[in-house]
Amino acid sequence: MNKKKLLLFSTIGLLLLALAGCWDNTDVIKLNMVAAVGIDKADDGQIELTIQMANPAILKAIEQGSMAEPSWTVSSKGYTVFEAVRNMLSTVDQKPYYSHMELIILSEEIARDMIGDVLDLFERDHETRKQVTVLVAKDISAKEILETKCPVGVIPAFHLSEIINNRRAKSTIRELALMDLFKDRNSAGINLVIGTIHTKNTHQIPSTIDDLLIEGGAAYRKDKLVGWLKPLETRAYNFVIDEVQGGVITISNPLEKEKKLSLEIIRVKSKMNVAIKEDKGLLQIDIHIDGVIGLQEGTADLTEEGKIDKIKAEIEKTIEEEVRDIVKLAQLEFKSDIFGFGEIIRRKNLSYWKKVKADWNSEFTKMPLEINVKSVVIRSGLIKNPNKPIR
Amino acid sequence: MFDKLFRKLNYLKLGSSPTSSENITTQQEISESIDAVKNQLNATFFDCSDFAIREIEAGKVKMILAFMDGIVKQDSINANILKPLLTELKLTGLDEKMDSKNAFEILTKNLLSESRIRTNYDFSQSIDAILTGDTVLFIDGNNKALQFDTKGFESRGVTEPQTEAVVRGPREGFTETLRVNTALLRRKIKTPDLKLERIIVGRQTQTEICIAYIKGIANDDVISTVKARLEKIDTDAILESGYIEEFIEDSPLSLFPTIGNSEKPDIVAAKLLEGRVAIICDGTPFVLTVPYLFIESIQASEDYYSRSFYSSFIRWIRVLALFITTLVPALYVAIICFHQDMIPSELFITISASREGIPFSPLVESLLMVITFELLREAGVRMPKAVGDAVSIVGALVLGQASVEAGLVSNLMVIVIAITAITGFVITPMAGIVPIIRICLLLSANILGLMGIALTFVAIYVHACSLWSFGVPYMAPVSPLYGMDLKDAFIRVPVWAMLKRPKALTERNKDSSTFRMKVDFKKRIKNE
């Protein structure tokens, strides 16, 4: 009896050891925390991997008053990304640790047609977090971006990822996490749009991080990069896919000529739909926007009846135009369903989806569009009437 | 050797076949001749310099007064025994009437003014009486003796206990004297149902032990078990209630204490009123209470004296403190050795910055600090108060500044150990087991990370759930669940809402004439 028990418990104990999975510990000081990864194509056709790593000595250095760099950047080459990752160990002392990575930056060359090939490692490896944001570098190499310094003593990658978080107040930023990228790539009814990062001045290599801009997007058809979205187009795109969380819309002031009016977006609720009638699809986009008047040029009295209605009509018109433009751009120029209307059809009407699935992107270009925008001006800030000289 | 120990353990647990020869109380008659008694006494107390013997002649009758100097009230002997015998006897004229035959009658009924007098027929009993501080009067021609309760010795007064300080609540504490302690209890519970049963344990020390309980509230099975287990104790000395504790606890090999102790009469009175049994031991201010449940370690007397909102909040704080003090060093090791991906990036940088240049692995670092802290704590308890400051200065410098500045431990570790230490002082009843659990968890964290911590914690919890304290599950009322008892567990409801006594302790059968246990305790004892 006792022997049996002993055997049972030792078996359970041994199994637990195997189940634990995390055998043997590593001290944090044996790891180099990677903050961002950049992937370029080198001139000799190899992959060039650049990693930006945190410098843990920085805190002590700041304490002692010296101005050390908070991060350091190292590059290595290899025929595949994984090989490059390992080749890094000829340069770096401790093992780079990818769990805390904030960004993956792909150069334009890589982004054009190799996106699946390079990102495979990050999906396959257990160390990477799938929430890491992917960006495409436009007109600049990923290495150059990661080698820029941050003048305020923060790790540049953290600075950039905070900028991406600013999309709550600025809707021209497109954020795509690695996880969502794989999800979108795996479904036939949607094409990728990855956020872009570029320099303010394309003619020179940026030295500090304030030369960089994160806005706009790179549109894909399947695995091919087919075009770029400008900042305002990105905002319209975000309107369609219900990703706008805040920001400012500027319209021409309907109450006074040649003056402008800026509206702060409080909340946006948009809904995409595809109505199918007799095997013909109709793309429907409903947008509901709540806003607050943030600024009015001119001196119109907003308390007068009908004036708010005019503003509302103008907002609706502006947004409808923007949205129509971006859908037309996708249909006519990119010939790619970047919004995911195909996904909606698949969910709503599987039999129809099976018919159009094979050539969905060209099917998408033929579909008519119906846009419905409704806006509400909640309030006009703290004042009703702008101040003006007494006449 | 181990064989012998285990047999002893089994004996304590099962109580089968007492191997030692019990109850050799030699009946010895008191001699009628006073000279024989004197010789006998002198032979018994040969070389006992504190033994005093006084020969007197009251009227025509020879008498011997025997007592132990130092443990009797001299004044009482002088005034209530000697004075009546030597002077008042003559004044009243009773000396004429008295002879050795009726001396006994006259002394007890007419003369002696001592309040508590007992008659002794047994010489060895008289010896025991003398040893406990009573005075014995042998009268010529009688084969019996008079025993006067003249116990009186230097003892500490009722003072505020050092171990259980309160902000609000009674400040009196038990003393080393059994009678004082029972008096403190009697003053709080004025009912004849408060029973104080006396039992003598310890071959050499002959320690008086009192089993206190309230008849009608305390479970009869628990009372009889306590008595049975106390009677089974066969040892030379009981110097403190801790000796008793080790003899009668349910699981002597468990880490967890299944017998509680307190130094405060109000706490013990409250526990008696809840249906517990107290064991008061002469010579120590620490009174044992059984059954002792885990939940009692997060309860404090002050909970009942302050308002229920605050008490409930503080209880949660204590639970939190228990988790923190056992887990934090282990979590530190687990996170920085295994789960670096679980913490925010900024914290990762802070941790690796603070550990930059530390030569030891996190485990060695933690063990070093945990053990250093335990050393300091122990030194603080043991050393004379006068050198206390020196230790605290050295401790603060060694633990804090110097070790960090020298690069031996990281400053994060100092914070970890500081939190561990502070929270460790919150749960004082658990102070004996927390350091051991802490080190167990620390080691398992170093082997399997969070997985290891979880495994060890589950193992400890399962073990705690398997314990019993005098027929009550140790983890009650949480496991098994006694719904109504939760009123006084993690929250304390107002006193007016506590309508029933704890069910875990005082559950009765349907006709409410007999007590009931969650398991059939009587059967359990029998099986043992």
# chains A, B, ... in the order shown; residues from 1 in each chain; ligands from 1
>>> closest_atom_pairs(of="chain A", to="chain B", cutoff="6 Å", atoms="only C-alpha atoms", output="Markdown table")
| residue | atom | partner | partner_atom | distance |
| --- | --- | --- | --- | --- |
| A:Asn25 | CA | B:Cys337 | CA | 4.8 |
| A:Thr26 | CA | B:Cys337 | CA | 4.8 |
| A:Asp27 | CA | B:Cys337 | CA | 4.8 |
| A:Val28 | CA | B:Ile336 | CA | 5.6 |
| A:Ile29 | CA | B:Ser352 | CA | 5.5 |
| A:Pro56 | CA | B:Ala353 | CA | 4.4 |
| A:Ala57 | CA | B:Ala353 | CA | 5.7 |
| A:Ser99 | CA | B:Asp341 | CA | 5.4 |
| A:His100 | CA | B:Ser345 | CA | 5.7 |
>>> residues_around(residues="Asp286 of chain A", least_positions_apart="3", cutoff="8 Å", atoms="only C-alpha atoms", output="mmCIF file with C-alpha atoms, in the first residue's frame")
data_model
loop_
_atom_site.group_PDB
_atom_site.id
_atom_site.type_symbol
_atom_site.label_atom_id
_atom_site.label_comp_id
_atom_site.auth_asym_id
_atom_site.auth_seq_id
_atom_site.Cartn_x
_atom_site.Cartn_y
_atom_site.Cartn_z
ATOM 1 C CA SER A 270 -19.807 53.296 -37.467
ATOM 2 C CA LYS A 271 -21.197 50.175 -38.974
ATOM 3 C CA MET A 272 -20.298 48.439 -42.183
ATOM 4 C CA ILE A 371 -23.062 56.202 -47.028
ATOM 5 C CA ASN A 372 -25.159 57.458 -44.158
ATOM 6 C CA VAL A 373 -23.636 59.987 -41.796
ATOM 7 C CA LYS A 374 -25.399 61.392 -38.783
#
>>> closest_atom_pairs(of="segment 149-253 of chain A", to="segment 292-316 of chain A", cutoff="8 Å", atoms="only C-alpha atoms", output="tab-separated table")
residue	atom	partner	partner_atom	distance
A:Ile251	CA	A:Ile315	CA	6.7
A:Ser252	CA	A:Glu314	CA	7.8
A:Asn253	CA	A:Ile311	CA	7.3
>>> residues_around(residues="Ala177 of chain A", least_positions_apart="5", cutoff="8 Å", atoms="only C-alpha atoms", output="list in words")
Lys130, Gln131, Val132, Thr133 and Val134 of chain A
>>> write_last_selection(atoms="N, CA and C atoms", output="short mmCIF file (atom, residue, chain, number, x, y, z; two decimals), in the first residue's frame")
data_model
loop_
_atom_site.label_atom_id
_atom_site.label_comp_id
_atom_site.auth_asym_id
_atom_site.auth_seq_id
_atom_site.Cartn_x
_atom_site.Cartn_y
_atom_site.Cartn_z
N LYS A 130 2.27 39.07 -28.90
CA LYS A 130 1.55 39.28 -30.15
C LYS A 130 0.89 40.65 -30.21
N GLN A 131 1.03 41.43 -29.14
CA GLN A 131 0.43 42.77 -29.17
C GLN A 131 1.36 43.81 -29.76
N VAL A 132 2.56 43.40 -30.15
CA VAL A 132 3.52 44.36 -30.66
C VAL A 132 3.00 45.00 -31.95
N THR A 133 3.22 46.30 -32.07
CA THR A 133 2.72 47.03 -33.23
C THR A 133 3.68 46.90 -34.42
N VAL A 134 3.11 46.72 -35.60
CA VAL A 134 3.93 46.63 -36.81
C VAL A 134 3.80 47.94 -37.59
#
>>> closest_residue(among="B:Glu365, B:Glu374, B:Asp389, B:Asp221", to="Ser410 of chain B", atoms="only C-alpha atoms")
B:Glu365
>>> residues_around(residues="Ala218 of chain A", least_positions_apart="4", cutoff="7 Å", atoms="only C-alpha atoms", output="tab-separated table (two decimals) with N, CA and C atoms, in the first residue's frame")
chain	number	residue	atom	x	y	z
A	193	VAL	N	-3.97	46.84	-43.84
A	193	VAL	CA	-3.48	48.22	-43.89
A	193	VAL	C	-2.56	48.37	-42.69
A	194	ILE	N	-1.29	48.60	-42.95
A	194	ILE	CA	-0.31	48.73	-41.87
A	194	ILE	C	0.05	50.20	-41.73
A	195	GLY	N	0.22	50.66	-40.49
A	195	GLY	CA	0.60	52.05	-40.27
A	195	GLY	C	1.98	52.34	-40.82
A	196	THR	N	2.24	53.60	-41.16
A	196	THR	CA	3.55	53.93	-41.71
A	196	THR	C	4.26	54.93	-40.82
A	225	LEU	N	2.09	45.15	-51.40
A	225	LEU	CA	1.79	46.53	-51.02
A	225	LEU	C	1.37	47.27	-52.29
A	227	GLY	N	-0.32	50.52	-52.33
A	227	GLY	CA	-0.40	51.98	-52.32
A	227	GLY	C	-0.35	52.52	-50.90
A	228	TRP	N	-0.23	53.84	-50.83
A	228	TRP	CA	-0.11	54.49	-49.53
A	228	TRP	C	-1.35	55.29	-49.23
A	229	LEU	N	-1.73	55.35	-47.97
A	229	LEU	CA	-2.84	56.21	-47.56
A	229	LEU	C	-2.24	57.47	-46.94
>>> residues_around(residues="Glu48 of chain A", least_positions_apart="4", cutoff="9 Å", atoms="only C-alpha atoms", output="ChimeraX atom specification")
/A:38-42,75-81,84,143
>>> closest_residue(among="A:Trp72, A:Tyr98, A:Tyr220, A:Phe182", to="Lys149 of chain A", atoms="only C-alpha atoms")
A:Trp72
>>> select_by_dssp(residues="segment 18-211 of chain A", states="strand (DSSP E or B)", output="number ranges by chain")
A: 31-41, 47-54, 71-78, 95-97, 103-107, 133-138, 149, 173, 177, 193-199, 208
>>> write_last_selection(atoms="N, CA and C atoms", output="short mmCIF file (atom, residue, chain, number, x, y, z; two decimals), in the first residue's frame")
data_model
loop_
_atom_site.label_atom_id
_atom_site.label_comp_id
_atom_site.auth_asym_id
_atom_site.auth_seq_id
_atom_site.Cartn_x
_atom_site.Cartn_y
_atom_site.Cartn_z
N LEU A 31 19.80 39.10 -19.46
CA LEU A 31 18.98 39.36 -20.65
C LEU A 31 19.14 40.80 -21.10
N ASN A 32 19.09 40.99 -22.39
CA ASN A 32 19.08 42.34 -22.94
C ASN A 32 17.68 42.62 -23.45
N MET A 33 17.03 43.60 -22.88
CA MET A 33 15.65 43.85 -23.27
C MET A 33 15.59 44.55 -24.61
N VAL A 34 14.94 43.91 -25.58
CA VAL A 34 14.80 44.51 -26.90
C VAL A 34 13.57 45.40 -26.90
N ALA A 35 13.72 46.64 -27.32
CA ALA A 35 12.59 47.56 -27.34
C ALA A 35 11.94 47.60 -28.72
N ALA A 36 12.72 47.43 -29.76
CA ALA A 36 12.14 47.48 -31.10
C ALA A 36 13.03 46.69 -32.05
N VAL A 37 12.40 46.17 -33.11
CA VAL A 37 13.13 45.42 -34.12
C VAL A 37 12.88 46.08 -35.47
N GLY A 38 13.93 46.23 -36.24
CA GLY A 38 13.77 46.74 -37.60
C GLY A 38 14.30 45.71 -38.58
N ILE A 39 13.58 45.54 -39.68
CA ILE A 39 14.02 44.56 -40.67
C ILE A 39 14.20 45.24 -42.03
N ASP A 40 15.41 45.14 -42.56
CA ASP A 40 15.72 45.73 -43.87
C ASP A 40 16.22 44.65 -44.80
N LYS A 41 16.30 45.05 -46.08
CA LYS A 41 16.95 44.15 -47.03
C LYS A 41 18.32 44.76 -47.32
N ILE A 47 19.00 39.49 -45.25
CA ILE A 47 18.13 40.26 -44.36
C ILE A 47 19.00 40.96 -43.34
N GLU A 48 18.73 42.23 -43.11
CA GLU A 48 19.48 42.94 -42.08
C GLU A 48 18.54 43.24 -40.92
N LEU A 49 18.90 42.72 -39.77
CA LEU A 49 18.05 42.88 -38.59
C LEU A 49 18.70 43.92 -37.68
N THR A 50 17.92 44.89 -37.25
CA THR A 50 18.42 45.91 -36.33
C THR A 50 17.60 45.84 -35.06
N ILE A 51 18.25 45.75 -33.91
CA ILE A 51 17.47 45.77 -32.67
C ILE A 51 17.91 46.94 -31.81
N GLN A 52 16.92 47.52 -31.17
CA GLN A 52 17.20 48.61 -30.23
C GLN A 52 17.00 48.05 -28.83
N MET A 53 18.05 48.14 -28.00
CA MET A 53 17.97 47.52 -26.68
C MET A 53 18.06 48.56 -25.58
N ALA A 54 17.38 48.28 -24.50
CA ALA A 54 17.42 49.20 -23.35
C ALA A 54 18.77 49.06 -22.66
N SER A 71 19.54 53.82 -24.70
CA SER A 71 19.41 52.62 -25.52
C SER A 71 20.62 52.49 -26.43
N TRP A 72 20.77 51.30 -26.96
CA TRP A 72 21.81 51.09 -27.95
C TRP A 72 21.26 50.20 -29.05
N THR A 73 21.82 50.40 -30.23
CA THR A 73 21.25 49.75 -31.41
C THR A 73 22.32 48.92 -32.09
N VAL A 74 21.96 47.70 -32.46
CA VAL A 74 22.91 46.79 -33.08
C VAL A 74 22.25 46.16 -34.31
N SER A 75 23.06 45.91 -35.35
CA SER A 75 22.52 45.26 -36.54
C SER A 75 23.29 43.98 -36.82
N SER A 76 22.60 43.07 -37.49
CA SER A 76 23.29 41.86 -37.94
C SER A 76 22.61 41.38 -39.21
N LYS A 77 23.30 40.54 -39.93
CA LYS A 77 22.76 40.06 -41.21
C LYS A 77 22.60 38.55 -41.19
N GLY A 78 21.74 38.09 -42.06
CA GLY A 78 21.56 36.65 -42.20
C GLY A 78 20.65 36.40 -43.36
N LYS A 95 21.84 37.50 -24.06
CA LYS A 95 20.82 37.12 -25.03
C LYS A 95 19.75 38.20 -25.15
N PRO A 96 19.48 38.65 -26.38
CA PRO A 96 18.38 39.62 -26.53
C PRO A 96 17.05 38.97 -26.16
N TYR A 97 16.22 39.73 -25.48
CA TYR A 97 14.97 39.21 -24.94
C TYR A 97 13.82 39.96 -25.59
N LEU A 103 7.80 47.54 -30.92
CA LEU A 103 7.56 47.82 -32.34
C LEU A 103 8.32 46.83 -33.22
N ILE A 104 7.69 46.54 -34.36
CA ILE A 104 8.44 45.88 -35.43
C ILE A 104 8.35 46.82 -36.62
N ILE A 105 9.49 47.28 -37.12
CA ILE A 105 9.48 48.21 -38.25
C ILE A 105 10.02 47.48 -39.47
N LEU A 106 9.22 47.47 -40.52
CA LEU A 106 9.61 46.82 -41.76
C LEU A 106 9.98 47.88 -42.77
N SER A 107 11.09 47.67 -43.47
CA SER A 107 11.42 48.65 -44.50
C SER A 107 10.48 48.44 -45.69
N THR A 133 3.22 46.30 -32.07
CA THR A 133 2.72 47.03 -33.23
C THR A 133 3.68 46.90 -34.42
N VAL A 134 3.11 46.72 -35.60
CA VAL A 134 3.93 46.63 -36.81
C VAL A 134 3.80 47.94 -37.59
N LEU A 135 4.91 48.47 -38.05
CA LEU A 135 4.91 49.69 -38.84
C LEU A 135 5.73 49.46 -40.11
N VAL A 136 5.38 50.21 -41.15
CA VAL A 136 6.17 50.17 -42.38
C VAL A 136 6.92 51.49 -42.50
N ALA A 137 8.21 51.41 -42.75
CA ALA A 137 9.00 52.62 -42.93
C ALA A 137 8.92 53.05 -44.39
N LYS A 138 8.51 54.29 -44.61
CA LYS A 138 8.33 54.77 -45.97
C LYS A 138 9.49 55.71 -46.30
N LYS A 149 18.14 59.22 -32.21
CA LYS A 149 18.20 59.37 -30.74
C LYS A 149 17.00 60.17 -30.26
N ILE A 173 -3.64 58.10 -37.25
CA ILE A 173 -2.66 57.04 -36.98
C ILE A 173 -3.35 55.70 -37.13
N ALA A 177 -1.72 45.58 -34.59
CA ALA A 177 -0.91 44.70 -33.75
C ALA A 177 -0.57 43.45 -34.54
N VAL A 193 -3.97 46.84 -43.84
CA VAL A 193 -3.48 48.22 -43.89
C VAL A 193 -2.56 48.37 -42.69
N ILE A 194 -1.29 48.60 -42.95
CA ILE A 194 -0.31 48.73 -41.87
C ILE A 194 0.05 50.20 -41.73
N GLY A 195 0.22 50.66 -40.49
CA GLY A 195 0.60 52.05 -40.27
C GLY A 195 1.98 52.34 -40.82
N THR A 196 2.24 53.60 -41.16
CA THR A 196 3.55 53.93 -41.71
C THR A 196 4.26 54.93 -40.82
N ILE A 197 5.59 54.88 -40.94
CA ILE A 197 6.43 55.86 -40.26
C ILE A 197 7.37 56.43 -41.31
N HIS A 198 7.52 57.75 -41.31
CA HIS A 198 8.41 58.35 -42.33
C HIS A 198 9.04 59.61 -41.78
N THR A 199 9.95 60.17 -42.55
CA THR A 199 10.63 61.38 -42.07
C THR A 199 9.91 62.62 -42.58
N THR A 208 17.54 62.80 -34.98
CA THR A 208 16.77 62.65 -33.75
C THR A 208 15.35 62.22 -34.07
#
>>> select_by_dssp(residues="segment 193-393 of chain B", states="helix (DSSP H, G or I)", output="VMD selection string")
chain B and resid 220 to 232 241 to 248 265 to 273 294 to 298 301 to 305 308 to 337 345 to 355 362 to 382 385 to 393
>>> closest_residue(among="A:Ile145, A:Gly246, A:Asp139, A:Ala157", to="Thr202 of chain A", atoms="only C-alpha atoms")
A:Asp139
>>> residues_around(residues="Asp290 of chain A", least_positions_apart="4", cutoff="8 Å", atoms="only C-alpha atoms", output="PyMOL selection string")
chain A and resi 265-268+375-378
>>> write_last_selection(atoms="C-alpha atoms", output="compact mmCIF listing (two decimals), in the first residue's frame")
# COMPACT_ATOMS: atom_id res chain seq x y z
CA ILE A 265 -14.69 64.17 -31.97
CA ILE A 266 -16.15 62.80 -28.77
CA ARG A 267 -17.29 59.42 -30.00
CA VAL A 268 -17.88 57.71 -33.30
CA SER A 375 -23.79 63.93 -36.55
CA VAL A 376 -24.66 65.43 -33.21
CA VAL A 377 -23.09 68.59 -31.83
CA ILE A 378 -23.25 68.04 -28.14
